[in-house]
Amino acid sequence: RSDILHSYSLIEPALRHIRDNYSANVTLDELAHLCGVSKHYFCRVFKAVTEKTVMQYLRDYRITVADTLLQNTDKSISDIILGCGFNDESYFYRCYKKHKGTVPS
């Protein structure tokens with residue numbers, strides 16, 4: 001149990017950074033640096049804690065935020081896609097469908 005808490009506390013700065021900067025170009029290098037560990041070790045610990053790779057977690061977080069915005073704002077889907085860090089609408093649609101099981105509307 002203490003190993004899990006230690007692992008979570010190690011990646012917590014990265015989780016916070018993703019939450020606060022999901023719309024920006026978040027890199028593995030900066031996340032590992034924030035946590036003060038090597039990229040390889042960071043990736044291993046991150047996956048052990050979240051059961052996702054860093055990029056899967058970031059993508060899923062962006063999709064979750066986009067879904068919330070789609071349901072609760074009048075913003076255009078294009079504005080939401082760009083505002084959530086996606087640069088390619090077709091990639092967003094594929095990711096959204098894979099994550100949510102349906103297309104965004």
# chains A, B, ... in the order shown; residues from 1 in each chain; ligands from 1
>>> residues_around(residues="Gly36 (chain A)", least_positions_apart="2", cutoff="12 Å", atoms="only C-alpha atoms", output="ChimeraX atom specification")
/A:9-14,29-34,38-42
>>> select_by_dssp(residues="chain A", states="helix (DSSP H, G or I)", output="number ranges by chain")
A: 2-21, 28-35, 39-50, 54-72, 77-83, 89-100
>>> closest_residue(among="A:Ile80, A:Val49, A:Leu15, A:Met55", to="Leu28 (chain A)", atoms="only C-alpha atoms")
A:Met55
>>> closest_residue(among="A:Asp67, A:Asp74, A:Asp79, A:Asp88", to="Pro104 (chain A)", atoms="only C-alpha atoms")
A:Asp67
>>> residues_around(residues="Ser78 (chain A)", least_positions_apart="6", cutoff="10 Å", atoms="only C-alpha atoms", output="mmCIF file with N, CA, C and O atoms, in the first residue's frame")
data_model
loop_
_atom_site.group_PDB
_atom_site.id
_atom_site.type_symbol
_atom_site.label_atom_id
_atom_site.label_comp_id
_atom_site.auth_asym_id
_atom_site.auth_seq_id
_atom_site.Cartn_x
_atom_site.Cartn_y
_atom_site.Cartn_z
ATOM 1 N N CYS A 84 -8.971 22.007 -26.671
ATOM 2 C CA CYS A 84 -8.615 20.843 -25.858
ATOM 3 C C CYS A 84 -7.294 20.215 -26.286
ATOM 4 O O CYS A 84 -6.932 19.140 -25.802
ATOM 5 N N PHE A 86 -6.261 19.319 -29.437
ATOM 6 C CA PHE A 86 -6.229 18.504 -30.655
ATOM 7 C C PHE A 86 -5.991 19.417 -31.855
ATOM 8 O O PHE A 86 -6.648 20.443 -32.006
ATOM 9 N N ASN A 87 -5.061 19.022 -32.709
ATOM 10 C CA ASN A 87 -4.749 19.822 -33.890
ATOM 11 C C ASN A 87 -5.411 19.283 -35.150
ATOM 12 O O ASN A 87 -5.359 19.916 -36.191
ATOM 13 N N ASP A 88 -6.011 18.116 -35.056
ATOM 14 C CA ASP A 88 -6.579 17.439 -36.214
ATOM 15 C C ASP A 88 -7.992 16.966 -35.862
ATOM 16 O O ASP A 88 -8.158 16.128 -34.970
ATOM 17 N N GLU A 89 -8.979 17.500 -36.572
ATOM 18 C CA GLU A 89 -10.370 17.150 -36.252
ATOM 19 C C GLU A 89 -10.664 15.676 -36.486
ATOM 20 O O GLU A 89 -11.371 15.053 -35.698
#
>>> closest_residue(among="A:Lys100, A:His17, A:Lys52, A:Arg62", to="Leu82 (chain A)", atoms="only C-alpha atoms")
A:Arg62
>>> closest_residue(among="A:Ala24, A:Ala48, A:Cys95, A:Ile77", to="Asp60 (chain A)", atoms="only C-alpha atoms")
A:Cys95
